[in-house]
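Chemist: Sharing a structure here in structure tokens format.
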Amino acid sequence: MARTKTTQGNPIDLMHPLALEEPTPVPGCASCDNLCMELNRAKANGDATARSDLNVRLRRHLKDAH
């Protein structure tokens, strides 16, 4: 009778959600510039919640306006 493996496999390496690539602003767009300034402030302050929210806002702006 063949033996079956009953142990777990190797762990999965999940990347940190903030490690996702951040959206690229459109040069010369005032809205992109403002969102990026807020995003840079959130990064400098270590505010992960604001950083995530601003990434969402920038992605939506890019989708709707560009």
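How things are named: the first chain in the structure tokens is A, the next is B, and so on; residues count from 1 in each chain; ligands count from 1 in the order shown.
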Contacts of Cys29 of chain A at 10 Å or less, counting only C-alpha atoms, minus same-chain residues fewer than 5 places along, as a PyMOL selection string?
Modeler: chain A and resi 34+65-66
Chemist: Please list as a list in words every residue within 10 Å of Asp53 of chain A, counting only C-alpha atoms and excluding residues in the same chain fewer than 5 positions away.
Modeler: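 My reading of the contact set: Leu39, Ala42, Ala48, Leu58 and Arg59 of chain A.
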Chemist: Could you work out how far atom CA of Leu62 of chain A lies from atom CA of Pro27 of chain A, giving the answer in Å with one decimal?
Modeler: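 A separation of 11.6 Å between them.
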Chemist: With distances taken over only C-alpha atoms, which residue among A:Asp64, A:Lys43, A:Pro11, A:Cys36 lies nearest Pro23 of chain A?
Modeler: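 Between A:Asp64, A:Lys43, A:Pro11, A:Cys36, the residue approaching Pro23 of chain A most closely is A:Cys36.
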Chemist: I'd like to know which of A:Ala2, A:Ile12, A:Val26, A:Leu35 is closest to Arg57 of chain A, using only C-alpha atoms.
Modeler: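 Among A:Ala2, A:Ile12, A:Val26, A:Leu35, it is A:Leu35 that comes nearest to Arg57 of chain A.
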Chemist: Would you mind reading off the distance between atom CA of Asp13 of chain A and atom CA of Arg41 of chain A, one decimal, in Å?
Modeler: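 Computed distance, atom CA of Asp13 of chain A to atom CA of Arg41 of chain A, equals 29.5 Å.
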Chemist: Measuring atom to atom with only C-alpha atoms, identify which of A:Val56, A:His61, A:Thr4, A:Asn45 is nearest to Glu22 of chain A.
Modeler: A:Val56
Chemist: If you run DSSP on this backbone, which residues of chain A come out as alpha helix (DSSP H), and could you give them as a ChimeraX atom specification?
Modeler: /A:30-45,48-65
